[in-house]
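Structure file model00.cif (mmCIF, C-alpha atoms) is printed below.
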```cif
data_protein
loop_
_atom_site.label_atom_id
_atom_site.label_comp_id
_atom_site.auth_asym_id
_atom_site.auth_seq_id
_atom_site.Cartn_x
_atom_site.Cartn_y
_atom_site.Cartn_z
CA MET U 1 0.00 0.00 0.00
CA ALA U 2 1.39 3.32 -1.04
CA THR U 3 1.61 5.86 1.69
CA SER U 4 0.66 9.41 0.84
CA PRO U 5 2.51 12.20 2.64
CA ASP U 6 -0.76 12.91 4.41
CA ALA U 7 -0.63 9.56 6.14
CA GLN U 8 2.07 10.71 8.52
CA LEU U 9 -0.01 13.61 9.74
CA THR U 10 -1.97 13.28 12.91
CA ILE U 11 -5.66 13.97 12.75
CA GLU U 12 -5.20 17.36 14.45
CA GLU U 13 -2.65 18.42 11.86
CA LYS U 14 -5.00 17.36 9.07
CA PHE U 15 -7.78 19.39 10.60
CA LEU U 16 -5.54 22.43 10.91
CA THR U 17 -4.67 22.19 7.22
CA ILE U 18 -8.32 21.96 6.28
CA LEU U 19 -9.32 24.79 8.59
CA SER U 20 -6.65 27.05 7.14
CA LYS U 21 -8.46 26.71 3.79
CA VAL U 22 -11.70 28.11 5.19
CA LYS U 23 -11.62 31.84 4.54
CA ASP U 24 -13.64 34.79 5.71
CA PRO U 25 -15.56 35.97 2.60
CA GLU U 26 -15.11 39.60 3.58
CA LEU U 27 -11.37 39.24 4.21
CA PRO U 28 -10.51 36.40 1.83
CA PHE U 29 -6.83 36.32 2.81
CA LEU U 30 -7.69 35.39 6.40
CA SER U 31 -8.68 31.91 7.49
CA VAL U 32 -10.91 31.04 10.43
CA LEU U 33 -7.76 30.01 12.27
CA ASP U 34 -6.11 33.40 11.72
CA LEU U 35 -9.20 35.06 13.16
CA GLY U 36 -9.20 32.76 16.17
CA MET U 37 -12.79 31.69 15.62
CA ILE U 38 -12.32 27.94 16.07
CA ARG U 39 -12.62 26.95 19.70
CA GLU U 40 -12.47 23.21 19.17
CA CYS U 41 -12.19 20.76 16.28
CA SER U 42 -12.08 17.07 17.00
CA MET U 43 -13.15 13.66 15.78
CA ALA U 44 -16.08 12.20 17.67
CA ALA U 45 -15.22 8.97 19.48
CA ASP U 46 -18.13 7.07 17.92
CA GLY U 47 -16.10 5.79 14.94
CA GLN U 48 -18.57 7.34 12.49
CA LYS U 49 -16.03 9.87 11.21
CA LEU U 50 -18.07 12.69 12.67
CA VAL U 51 -16.13 15.93 13.03
CA GLN U 52 -17.19 18.18 15.86
CA ILE U 53 -16.42 21.86 15.52
CA LYS U 54 -17.06 24.62 18.01
CA ILE U 55 -16.98 28.01 16.39
CA THR U 56 -17.46 31.44 17.92
CA PRO U 57 -18.72 34.52 16.03
CA THR U 58 -16.42 37.52 15.77
CA TYR U 59 -18.96 40.34 15.65
CA SER U 60 -22.45 39.28 16.63
CA GLY U 61 -24.19 40.77 13.62
CA CYS U 62 -21.63 39.66 11.05
CA PRO U 63 -23.42 38.33 7.96
CA ALA U 64 -20.27 36.44 6.92
CA PHE U 65 -20.72 34.03 9.83
CA VAL U 66 -23.38 32.04 7.98
CA SER U 67 -21.29 31.73 4.85
CA ILE U 68 -18.26 30.71 6.92
CA GLN U 69 -20.26 27.81 8.33
CA GLU U 70 -21.31 26.81 4.81
CA SER U 71 -17.73 27.03 3.68
CA LEU U 72 -16.63 24.84 6.61
CA LYS U 73 -19.09 22.16 5.53
CA LYS U 74 -17.98 22.34 1.90
CA THR U 75 -14.27 22.28 2.66
CA PHE U 76 -14.52 19.33 5.02
CA TYR U 77 -16.75 17.52 2.54
CA CYS U 78 -14.14 17.94 -0.21
CA GLU U 79 -11.51 16.46 2.12
CA GLY U 80 -13.62 13.37 2.74
CA TYR U 81 -15.28 14.27 6.02
CA PHE U 82 -18.95 14.06 5.23
CA LYS U 83 -20.41 14.42 8.67
CA LEU U 84 -19.91 17.67 10.45
CA ASP U 85 -21.37 18.89 13.70
CA ILE U 86 -20.93 22.66 13.92
CA LYS U 87 -21.86 24.29 17.19
CA GLN U 88 -21.88 28.01 17.82
CA VAL U 89 -20.35 28.78 21.20
CA LEU U 90 -20.22 32.17 22.89
CA SER U 91 -17.94 31.37 25.80
CA PRO U 92 -15.06 32.15 26.04
CA VAL U 93 -16.11 35.28 24.23
CA TRP U 94 -14.18 36.27 21.10
CA SER U 95 -11.86 39.24 21.40
CA SER U 96 -9.61 40.89 18.83
CA ASP U 97 -6.75 39.51 20.99
CA ASP U 98 -7.64 36.08 19.56
CA ILE U 99 -6.35 37.04 16.11
CA THR U 100 -3.06 35.24 15.55
CA GLU U 101 0.27 36.86 14.72
CA THR U 102 0.09 35.42 11.18
CA GLY U 103 -3.35 36.94 10.85
CA ARG U 104 -2.03 40.33 11.88
CA GLN U 105 0.83 40.15 9.37
CA LYS U 106 -1.55 39.14 6.58
CA MET U 107 -3.79 42.11 7.42
CA LYS U 108 -0.87 44.49 7.26
CA ALA U 109 0.24 43.05 3.91
CA HIS U 110 -3.25 43.79 2.58
CA GLY U 111 -3.34 47.37 3.81
CA ILE U 112 -5.42 46.84 6.93
CA ALA U 113 -4.16 48.12 10.27
CA ALA U 114 -4.38 45.14 12.60
CA PRO U 115 -5.94 45.55 16.03
CA GLN U 116 -3.44 46.22 18.80
CA GLN U 117 -3.11 43.86 21.71
CA GLY U 118 -4.67 45.41 24.75
CA ALA U 119 -5.32 48.87 23.29
CA THR U 120 -7.96 50.50 21.11
CA GLY U 121 -7.60 52.37 17.85
CA ALA U 122 -5.04 51.95 15.09
CA ARG U 123 -1.41 52.69 15.89
CA ALA U 124 0.20 53.32 12.53
CA CYS U 125 -0.50 53.43 8.82
CA PRO U 126 -0.06 49.94 7.34
CA TYR U 127 1.55 51.40 4.20
CA CYS U 128 4.13 53.88 5.49
CA GLU U 129 4.25 53.14 9.22
CA ALA U 130 3.57 56.78 10.02
CA THR U 131 1.77 57.33 13.31
CA LYS U 132 0.19 60.60 12.25
CA ILE U 133 -3.21 59.22 11.41
CA LYS U 134 -6.80 60.27 11.97
CA VAL U 135 -10.17 58.55 12.09
CA LEU U 136 -12.34 59.18 9.06
CA SER U 137 -15.22 57.05 10.23
CA GLU U 138 -15.73 54.93 13.33
CA PHE U 139 -17.73 52.54 11.20
CA GLY U 140 -16.37 51.12 7.99
CA SER U 141 -17.34 48.96 5.05
CA THR U 142 -17.92 45.92 7.25
CA LEU U 143 -18.78 45.49 10.93
CA CYS U 144 -15.20 44.64 11.83
CA LYS U 145 -13.53 47.70 10.33
CA SER U 146 -13.26 51.42 10.81
CA LEU U 147 -11.83 53.90 8.33
CA TYR U 148 -8.62 55.91 8.88
CA LEU U 149 -6.56 58.40 6.94
CA CYS U 150 -2.77 58.55 7.04
CA GLN U 151 -1.72 62.18 7.14
CA ALA U 152 1.83 61.35 6.05
CA CYS U 153 1.18 59.42 2.84
CA GLY U 154 -2.41 60.49 2.30
CA MET U 155 -3.73 56.94 1.97
CA ALA U 156 -7.07 55.99 3.47
CA PHE U 157 -6.92 52.60 5.14
CA ASP U 158 -9.11 50.18 7.04
CA HIS U 159 -8.47 49.34 10.64
CA PHE U 160 -9.71 46.10 12.15
CA LYS U 161 -11.61 47.24 15.25
CA CYS U 162 -10.00 46.42 18.59
CA PHE U 163 -12.00 44.70 21.27
CA PRO U 164 -9.22 43.85 23.74
CA ARG U 165 -10.13 41.35 26.38
CA LYS U 166 -8.85 43.51 29.21
CA PHE U 167 -11.76 45.92 28.69
CA PHE U 168 -14.34 43.16 29.05
CA VAL U 169 -16.32 42.74 32.23
CA LYS U 170 -14.75 40.05 34.40
CA THR U 171 -16.99 37.13 35.21
CA ALA U 172 -16.89 34.97 38.28
CA GLN U 173 -15.37 32.08 36.29
CA ALA U 174 -12.75 34.09 34.43
CA MET T 1 -45.32 47.93 40.49
CA VAL T 2 -44.55 47.26 44.14
CA LEU T 3 -44.67 43.69 45.24
CA ASP T 4 -45.94 42.37 48.51
CA LYS T 5 -42.94 41.94 50.84
CA ARG T 6 -43.89 38.35 51.66
CA LYS T 7 -43.82 37.42 48.03
CA MET T 8 -40.41 38.97 47.34
CA ASN T 9 -38.41 35.80 47.82
CA VAL T 10 -40.82 33.63 45.93
CA ARG T 11 -40.15 33.24 42.27
CA PRO T 12 -43.33 34.01 40.35
CA LYS T 13 -44.55 30.96 38.53
CA PRO T 14 -45.21 31.46 34.84
CA GLN T 15 -48.94 31.59 35.47
CA ASP T 16 -48.56 34.25 38.16
CA THR T 17 -47.41 37.12 36.01
CA GLN T 18 -49.94 38.93 33.91
CA LEU T 19 -47.66 38.84 30.91
CA ALA T 20 -47.00 35.12 31.10
CA LYS T 21 -50.72 34.54 31.52
CA SER T 22 -51.55 36.24 28.27
CA PHE T 23 -48.81 34.32 26.44
CA GLN T 24 -50.22 31.12 27.91
CA HIS T 25 -53.84 31.85 27.08
CA ARG T 26 -53.48 33.43 23.69
CA LEU T 27 -50.44 31.65 22.24
CA GLY T 28 -50.38 28.48 24.31
CA LEU T 29 -46.81 29.20 25.37
CA ALA T 30 -45.65 28.54 28.91
CA LEU T 31 -42.68 30.87 29.16
CA PRO T 32 -40.38 31.03 32.16
CA ILE T 33 -39.64 34.55 33.34
CA GLU T 34 -36.09 34.48 31.93
CA ALA T 35 -37.57 33.87 28.48
CA LEU T 36 -39.88 36.86 28.82
CA TYR T 37 -36.95 38.96 29.98
CA MET T 38 -34.86 37.90 27.00
CA LEU T 39 -37.77 38.49 24.69
CA ARG T 40 -37.95 42.09 25.85
CA LEU T 41 -34.28 42.65 25.10
CA ALA T 42 -34.46 40.86 21.77
CA ASP T 43 -37.60 42.64 20.59
CA SER T 44 -36.25 46.06 21.56
CA ASN T 45 -33.11 45.38 19.53
CA LEU T 46 -35.04 44.07 16.57
CA ILE T 47 -37.40 47.04 16.39
CA LEU T 48 -34.62 49.58 16.87
CA SER T 49 -32.67 47.80 14.17
CA HIS T 50 -35.66 48.11 11.86
CA ARG T 51 -35.89 51.84 12.50
CA LEU T 52 -32.19 52.25 11.71
CA GLN T 53 -32.51 50.14 8.57
CA GLU T 54 -35.06 52.63 7.29
CA LEU T 55 -32.26 55.20 7.17
CA CYS T 56 -29.95 53.08 5.04
CA GLY T 57 -28.90 55.20 2.06
CA LYS T 58 -30.64 58.31 3.38
CA THR T 59 -28.22 59.89 5.81
CA ALA T 60 -26.38 62.85 4.36
CA PRO T 61 -22.69 62.16 5.14
CA LEU T 62 -21.47 58.83 3.83
CA GLU T 63 -19.70 58.03 7.12
CA GLU T 64 -22.92 58.43 9.03
CA ASP T 65 -24.82 56.31 6.56
CA LEU T 66 -22.28 53.55 7.15
CA ALA T 67 -22.48 54.04 10.89
CA LEU T 68 -26.24 53.78 11.11
CA SER T 69 -26.34 50.74 8.83
CA ASN T 70 -23.60 49.15 10.93
CA LEU T 71 -25.60 49.86 14.07
CA ALA T 72 -28.70 48.36 12.49
CA ILE T 73 -26.95 45.13 11.62
CA ASN T 74 -25.32 44.98 15.05
CA PHE T 75 -28.66 45.33 16.82
CA LEU T 76 -30.11 42.67 14.56
CA GLY T 77 -27.19 40.41 15.49
CA HIS T 78 -27.79 41.05 19.18
CA ALA T 79 -31.48 40.29 18.81
CA ARG T 80 -30.61 37.07 17.01
CA LEU T 81 -28.35 35.89 19.84
CA PHE T 82 -31.34 36.07 22.18
CA TYR T 83 -33.79 34.59 19.68
CA GLN T 84 -31.39 31.74 18.98
CA HIS T 85 -31.20 30.89 22.63
CA LEU T 86 -34.99 31.10 22.95
CA SER T 87 -35.56 28.90 19.92
CA GLU T 88 -33.26 26.29 21.44
CA SER T 89 -34.82 26.40 24.88
CA ILE T 90 -38.54 26.82 24.17
CA GLU T 91 -40.03 23.77 22.54
CA GLN T 92 -42.83 25.43 20.57
CA TRP T 93 -40.45 27.84 18.90
CA LYS T 94 -38.65 25.90 16.23
CA SER T 95 -36.58 28.74 14.81
CA GLU T 96 -35.74 32.41 15.22
CA ASP T 97 -38.14 33.20 12.38
CA ASP T 98 -40.94 31.46 14.26
CA ILE T 99 -40.47 33.84 17.14
CA VAL T 100 -40.34 36.99 15.09
CA MET T 101 -42.80 36.31 12.29
CA LYS T 102 -45.65 34.67 14.15
CA ARG T 103 -46.39 37.14 16.92
CA SER T 104 -48.70 40.13 16.67
CA GLU T 105 -47.81 43.48 18.24
CA ARG T 106 -49.60 42.67 21.50
CA PHE T 107 -46.94 40.00 22.07
CA PHE T 108 -43.95 42.13 21.16
CA LEU T 109 -42.29 43.28 24.35
CA SER T 110 -40.03 45.96 22.91
CA LEU T 111 -39.51 49.29 24.64
CA LEU T 112 -41.67 52.12 23.30
CA LEU T 113 -38.60 54.27 22.66
CA CYS T 114 -37.33 51.81 20.07
CA GLU T 115 -40.37 52.16 17.83
CA GLN T 116 -40.30 55.97 17.75
CA PRO T 117 -39.89 57.22 14.17
CA ASN T 118 -36.75 58.84 12.71
CA VAL T 119 -38.26 62.30 12.45
CA ASP T 120 -34.92 63.95 11.78
CA PHE T 121 -31.29 63.28 12.62
CA ALA T 122 -31.66 64.84 16.08
CA TYR T 123 -34.52 62.46 16.95
CA THR T 124 -32.51 59.50 15.66
CA MET T 125 -29.46 60.41 17.70
CA VAL T 126 -31.30 61.30 20.90
CA ARG T 127 -33.20 58.01 20.70
CA GLN T 128 -29.93 56.24 20.07
CA PHE T 129 -28.11 57.96 22.92
CA PHE T 130 -30.85 57.28 25.48
CA TYR T 131 -31.03 53.64 24.45
CA ASP T 132 -27.29 53.02 24.04
CA LEU T 133 -26.54 54.37 27.50
CA PHE T 134 -29.20 52.20 29.11
CA TYR T 135 -28.27 49.17 27.02
CA LEU T 136 -24.58 49.38 27.85
CA GLU T 137 -25.22 49.58 31.60
CA LEU T 138 -27.73 46.76 31.42
CA MET T 139 -25.34 44.52 29.48
CA LYS T 140 -22.57 45.34 31.93
CA GLY T 141 -24.84 44.14 34.70
CA LEU T 142 -25.85 41.01 32.79
CA CYS T 143 -22.18 40.11 32.21
CA THR T 144 -22.13 38.75 35.77
CA SER T 145 -25.60 37.20 35.61
CA LYS T 146 -26.14 33.86 37.27
CA HIS T 147 -28.02 32.67 34.21
CA LEU T 148 -25.21 31.32 32.06
CA PRO T 149 -26.68 31.82 28.56
CA MET T 150 -27.65 35.37 29.49
CA GLN T 151 -24.14 35.97 30.81
CA ASN T 152 -22.51 34.62 27.65
CA ILE T 153 -24.68 36.73 25.38
CA ALA T 154 -24.07 39.87 27.46
CA GLN T 155 -20.31 39.24 27.36
CA LYS T 156 -20.54 39.10 23.59
CA ILE T 157 -22.64 42.25 23.32
CA PHE T 158 -20.84 44.41 25.87
CA PRO T 159 -17.82 45.57 23.80
CA GLU T 160 -20.06 46.33 20.82
CA ALA T 161 -22.52 48.24 22.98
CA SER T 162 -19.73 50.42 24.34
CA TYR T 163 -18.68 51.19 20.78
CA HIS T 164 -22.26 52.26 20.02
CA LEU T 165 -22.36 54.60 22.98
CA GLN T 166 -19.12 56.32 21.95
CA HIS T 167 -20.76 57.09 18.64
CA SER T 168 -24.05 58.45 19.95
CA GLN T 169 -22.45 60.34 22.82
CA HIS T 170 -20.12 62.04 20.37
CA TRP T 171 -23.07 63.07 18.22
CA MET T 172 -25.01 64.37 21.20
CA ASN T 173 -22.09 66.67 22.00
CA VAL T 174 -21.85 67.79 18.41
CA LEU T 175 -25.57 68.50 18.13
CA LEU T 176 -25.93 70.21 21.49
CA HIS T 177 -22.89 72.42 21.01
CA GLY T 178 -23.25 72.90 17.27
CA SER T 179 -25.43 75.54 15.65
CA LYS T 180 -28.57 77.22 16.94
CA GLU T 181 -30.57 75.03 14.59
CA SER T 182 -29.04 71.77 15.80
CA LEU T 183 -29.55 72.79 19.42
CA ALA T 184 -33.18 73.70 18.84
CA ARG T 185 -33.90 70.44 17.05
CA THR T 186 -32.10 68.35 19.65
CA LYS T 187 -33.95 70.12 22.46
CA LYS T 188 -37.22 69.33 20.74
CA ALA T 189 -36.22 65.68 20.32
CA ILE T 190 -35.19 65.36 23.96
CA GLN T 191 -38.46 66.88 25.05
CA VAL T 192 -40.45 64.39 23.02
CA LEU T 193 -38.36 61.30 23.80
CA VAL T 194 -37.55 61.70 27.49
CA PRO T 195 -40.97 60.42 28.69
CA TYR T 196 -40.20 57.09 27.03
CA THR T 197 -37.04 56.55 29.07
CA ALA T 198 -39.10 56.04 32.25
CA GLU T 199 -39.93 52.60 30.96
CA PHE T 200 -36.26 51.54 31.01
CA PHE T 201 -36.20 51.69 34.79
CA LEU T 202 -39.69 50.57 35.61
CA SER T 203 -39.37 47.23 37.40
CA ASP T 204 -42.26 44.86 37.13
CA GLU T 205 -42.54 41.50 38.85
CA ILE T 206 -40.27 39.86 36.29
CA ASP T 207 -37.46 42.39 36.76
CA LEU T 208 -37.77 42.25 40.53
CA ALA T 209 -37.75 38.46 40.71
CA LEU T 210 -34.72 38.18 38.41
CA ALA T 211 -32.86 40.90 40.30
CA GLU T 212 -33.59 39.04 43.51
CA GLU T 213 -32.02 35.90 42.05
CA LYS T 214 -29.03 37.87 40.74
CA ILE T 215 -29.92 36.93 37.18
CA ALA T 216 -30.52 40.52 36.10
CA PRO T 217 -29.12 43.74 37.59
CA PRO T 218 -31.55 45.85 39.65
CA LEU T 219 -32.95 48.58 37.42
CA VAL T 220 -32.59 51.17 40.19
CA GLU T 221 -28.81 50.89 39.88
CA ILE T 222 -28.96 51.10 36.10
CA GLN T 223 -31.03 54.27 36.46
CA LYS T 224 -28.42 55.84 38.75
CA LYS T 225 -25.65 55.15 36.25
CA TRP T 226 -27.79 56.33 33.35
CA GLU T 227 -28.55 59.60 35.09
CA GLN T 228 -24.91 60.15 36.01
CA ILE T 229 -24.10 60.56 32.32
CA ALA T 230 -27.34 61.73 30.74
CA LEU T 231 -28.24 64.46 33.25
CA PRO T 232 -24.97 66.48 33.09
CA LEU T 233 -24.80 66.12 29.31
CA CYS T 234 -28.22 67.70 28.88
CA MET T 235 -27.64 70.13 31.73
CA SER T 236 -24.62 71.53 29.87
CA VAL T 237 -27.03 73.28 27.52
CA GLY T 238 -29.56 74.08 30.23
CA ILE T 239 -31.93 71.15 29.73
CA ASP T 240 -32.93 69.62 33.03
CA LEU T 241 -34.14 66.08 32.33
CA LYS T 242 -35.60 65.88 35.83
CA GLN T 243 -38.19 68.53 34.99
CA TYR T 244 -39.99 66.14 32.63
CA LYS T 245 -42.29 64.29 34.97
CA HIS T 246 -44.55 62.92 32.27
CA THR T 247 -43.97 59.24 31.51
CA ILE T 248 -45.18 57.02 28.69
CA ILE T 249 -44.99 53.30 29.39
CA GLY T 250 -46.42 50.01 28.19
CA GLY T 251 -44.04 48.43 25.68
CA LYS T 252 -42.60 45.95 28.17
CA GLN T 253 -46.12 44.65 28.75
CA GLY T 254 -46.89 44.50 25.03
CA LYS T 255 -48.97 47.67 24.94
CA HIS T 256 -47.67 49.66 22.02
CA GLN T 257 -48.30 52.75 20.00
CA GLU T 258 -49.50 52.69 16.45
CA TYR T 259 -45.91 52.72 15.13
CA LEU T 260 -45.19 49.09 15.96
CA GLY T 261 -48.14 47.83 13.95
CA HIS T 262 -46.77 49.53 10.85
CA ILE T 263 -43.28 48.17 11.45
CA LEU T 264 -44.61 44.64 11.85
CA ALA T 265 -46.87 44.96 8.82
CA GLU T 266 -43.76 45.56 6.76
CA LEU T 267 -41.55 43.06 8.59
CA GLN T 268 -44.01 40.17 8.60
CA TYR T 269 -45.72 40.81 5.26
CA MET T 270 -44.21 37.89 3.35
CA GLN T 271 -44.69 35.34 6.12
CA LYS T 272 -48.28 36.43 6.67
CA SER T 273 -49.10 36.30 2.97
CA TYR T 274 -47.23 33.06 2.30
CA PRO T 275 -46.85 31.17 5.61
CA GLY T 276 -43.69 29.11 5.78
CA LEU T 277 -42.16 30.71 2.71
CA SER T 278 -38.40 30.18 2.50
CA TRP T 279 -35.61 31.08 0.10
#
```
Would you mind writing the structure in this file as C-alpha cells?
Amino acid sequence: MATSPDAQLTIEEKFLTILSKVKDPELPFLSVLDLGMIRECSMAADGQKLVQIKITPTYSGCPAFVSIQESLKKTFYCEGYFKLDIKQVLSPVWSSDDITETGRQKMKAHGIAAPQQGATGARACPYCEATKIKVLSEFGSTLCKSLYLCQACGMAFDHFKCFPRKFFVKTAQA
Amino acid sequence: MVLDKRKMNVRPKPQDTQLAKSFQHRLGLALPIEALYMLRLADSNLILSHRLQELCGKTAPLEEDLALSNLAINFLGHARLFYQHLSESIEQWKSEDDIVMKRSERFFLSLLLCEQPNVDFAYTMVRQFFYDLFYLELMKGLCTSKHLPMQNIAQKIFPEASYHLQHSQHWMNVLLHGSKESLARTKKAIQVLVPYTAEFFLSDEIDLALAEEKIAPPLVEIQKKWEQIALPLCMSVGIDLKQYKHTIIGGKQGKHQEYLGHILAELQYMQKSYPGLSW
C-alpha cells in the first residue's frame, strides 16, 4: 500500500490544514484560524467519522458568519469528512486579541491596520508606518472595520476594530 | 409595580405574572420569566434595528450612513443571539423566524422608545443615545448574571454596545454644542423622547424576581448610572431632564403605539401572505 505524505499527519494536523483553507468571505486572505474563531475541532469517538467543531462569532451581527459555516461544511466535505457537527459557542467570548500573529501580518500586507493587543484604535498606517493618522469614520465597510486616513502618505486605510479582552467585564469564572 | 414583601423571595410561577398569563392563554406558550426577559431585550433590539434600517442610504454624510447601517446590523445580530437561545430552549419555537414572524404586536415586548420614528437626525441620535446608554449599563450588569446563557450573550454584546455609545455620545455633544438650529432640534427631540425613558427603569414582577435571584441587575442601579451621564450632558445646555415628569410606558407589557403595527406589517408581510415561505 502506497503511503501518501498525508498519512504521517496526525488527525489534528489534518484538521488544521483543512481549517486554514476556510476563509472569511469579507477578508478572503484570512482563514478562520487566523481570526481565532475555532474553539475546538475534534473527531467524535463514535467511529462514524463525525467531526465536531465549536466556532465562535467575531462580531455578533456579522453576515459572513453564515457563509463561513457553509464554507466549513464544503471544505470538510471535499476532504472526505462528510459528517460535520458545527456548534456556535459564545464562551469564552471572542476578542480581537484572539487574532493570531500570522493573521495580523496578513492584514498588514493587505493594507489593513491590525488591532493592537490590549489597546484601542489603530497605531500606525499599514503602508508607510507613520503614526500621524486620523479617524475618518468609526464605522467602515464591514462590521469589523473602521476607516482611517494617514496624514503622512495620504492613503485611506481600514483598521480592524479592537476589542481587547482587558476591557471586558470580568466574570466569576474568568 | 410594588410587590408584597412576603412574596419577594418567591419566584413568580409562569402563570402568576400577567404577561406570562396572556402568552399562555393566547399563544399556548408557557414561558419562564427568563424567556420573557430575554424576549424584551431581543424585541427592543429588533425594532430599533428596523428603524435604523429605514435610514440606510438616506443619511447625508457617507460616514454616518455607514455608521447607522452598521448599528442596524449589530442590533439585529444582538437580537438574534437572544432569539437563537430562545428557539433552542422553548419547545414550541422551532426557529428564530418562528419567534419573530408569528407574533402580533400585542406580544412584542419591545420598549416604546425603540419604535419611535426617525423624524430627523436629532430624533434619531437622541433616541440612540438614550437607548445606548441604558443598554450598555444593562449589558454590563448582565455580564455577571447567574443565568449562564444570558451571561454569555451579554459578554458578547458588551464591547459592541460600548462602541455604540461612543458614537451616539459624540453626536449628542456635536448636536448640542453645534449651531442654533441643531440645538433647537435636539432640544425638541429630547423633550419628546424623554418620557419614554421612564420605561427603562420601571421594574415589574419579572425584573424584581430576576434581580432578587441575581440573574438581572436591579434597574434602580442602572437608572443611577444612566442619570450620572445623561443628566450632566443635557444640563450643559440648560436642559434639566428631571423637569420632565410625564412618563409614557407600556411596551414591556406589550402595549404599544400605532408605530409598531406599521413596522410589523412591513416586517411580517411575506410570512403572513405566504406562511412558511423560504428562500
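Using only C-alpha atoms, the part of chain T that sits within 6 Å of chain U is made up of Glu63, Ala67, Ile73, Asn74, Gly77, Thr144, Asn152 and Lys156 of chain T.
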Requested in this report: Run the PyMOL selection byres ((chain U and resi 101) around 12) on the file and write out the hits as a PyMOL selection string.
Outcome: chain U and resi 30+33-36+96-100+102-108+114-117
Report task. Just say which residues the PyMOL selection byres ((chain T and resi 147) around 12) picks in this file, as an MDAnalysis selection string. Result -> (chainID U and resid 171) or (chainID T and resid 33:35 37:38 141:146 148:154 210:211 213:217)
Query raised in the report: the PyMOL selection byres ((chain U and resi 132) around 8) on the file shown: which residues, as JSON, numbers by chain?
Result: {"U": [124, 125, 130, 131, 133, 134, 150, 151, 152]}
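Distance-wise, CA of Trp93 (chain T) and CA of Gly276 (chain T) end up 13.6 Å apart.
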Which residues, written as a short mmCIF file (atom, residue, chain, number, x, y, z; two decimals) with C-alpha atoms, keeping the file's coordinate frame, have at least one atom at most 12 Å from Phe23 (chain T), with all atoms listed in the file counted and residues fewer than 5 positions away on the same chain left out?
```cif
data_model
loop_
_atom_site.label_atom_id
_atom_site.label_comp_id
_atom_site.auth_asym_id
_atom_site.auth_seq_id
_atom_site.Cartn_x
_atom_site.Cartn_y
_atom_site.Cartn_z
CA PRO T 14 -45.21 31.46 34.84
CA GLN T 15 -48.94 31.59 35.47
CA ASP T 16 -48.56 34.25 38.16
CA THR T 17 -47.41 37.12 36.01
CA GLN T 18 -49.94 38.93 33.91
CA GLY T 28 -50.38 28.48 24.31
CA LEU T 29 -46.81 29.20 25.37
CA ALA T 30 -45.65 28.54 28.91
CA LEU T 31 -42.68 30.87 29.16
CA PRO T 32 -40.38 31.03 32.16
CA ILE T 33 -39.64 34.55 33.34
CA ALA T 35 -37.57 33.87 28.48
CA LEU T 36 -39.88 36.86 28.82
CA LEU T 39 -37.77 38.49 24.69
CA ARG T 103 -46.39 37.14 16.92
CA SER T 104 -48.70 40.13 16.67
CA ARG T 106 -49.60 42.67 21.50
CA PHE T 107 -46.94 40.00 22.07
CA PHE T 108 -43.95 42.13 21.16
CA LEU T 109 -42.29 43.28 24.35
CA GLN T 253 -46.12 44.65 28.75
CA GLY T 254 -46.89 44.50 25.03
#
```
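Computed from the coordinates, the CA of Lys83 (chain U) to CA of Gly47 (chain U) distance equals 11.5 Å.
The gap separating CA of Lys145 (chain U) from CA of Tyr127 (chain U) is 16.7 Å, in Å to one decimal.
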**Report entry** Polymer residues at most 12 Å from (-44.7, 61.0, 36.7) by only C-alpha atoms, as an NGL selection string
**Finding:** :T and (194-199 or 202 or 242-249)
Query raised in the report: When distances are computed from only C-alpha atoms, which of T:Phe201, T:Tyr274, T:Phe134, T:Tyr163 shows the smallest separation from Ile229 (chain T)?
Result: T:Phe134
**Report entry** Near-Ile38 (chain U) list (9 Å; all atoms listed in the file; drop same-chain fewer than 5 positions) as a PyMOL selection string
**Finding:** chain U and resi 19+32-33+53-56
**Report entry** 7 Å contact set for region 45-53 of chain T, only C-alpha atoms, chain neighbours under 4 positions out, as JSON, numbers by chain
**Finding:** {"T": [41, 68, 69, 72, 73, 75, 76, 78, 79, 114, 115, 117]}
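Shortest separation to Cys56 (chain T) among T:Ala122, T:Leu260, T:Ala42, T:Leu71 occurs at residue T:Leu71, atoms counted being only C-alpha atoms.
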Query raised in the report: Near Asp97 (chain T), within 12 Å and counting all atoms listed in the file, which residues show up once chain neighbours fewer than 4 positions away are dropped, as a PyMOL selection string?
Result: chain T and resi 79-80+83-84+86-87+93+101-103+267-268+270-271+275-278
Report task. Could you check which of T:Lys140, T:Arg185, T:His170, T:His256 is closest to Pro218 (chain T), using all atoms listed in the file? Result -> T:Lys140
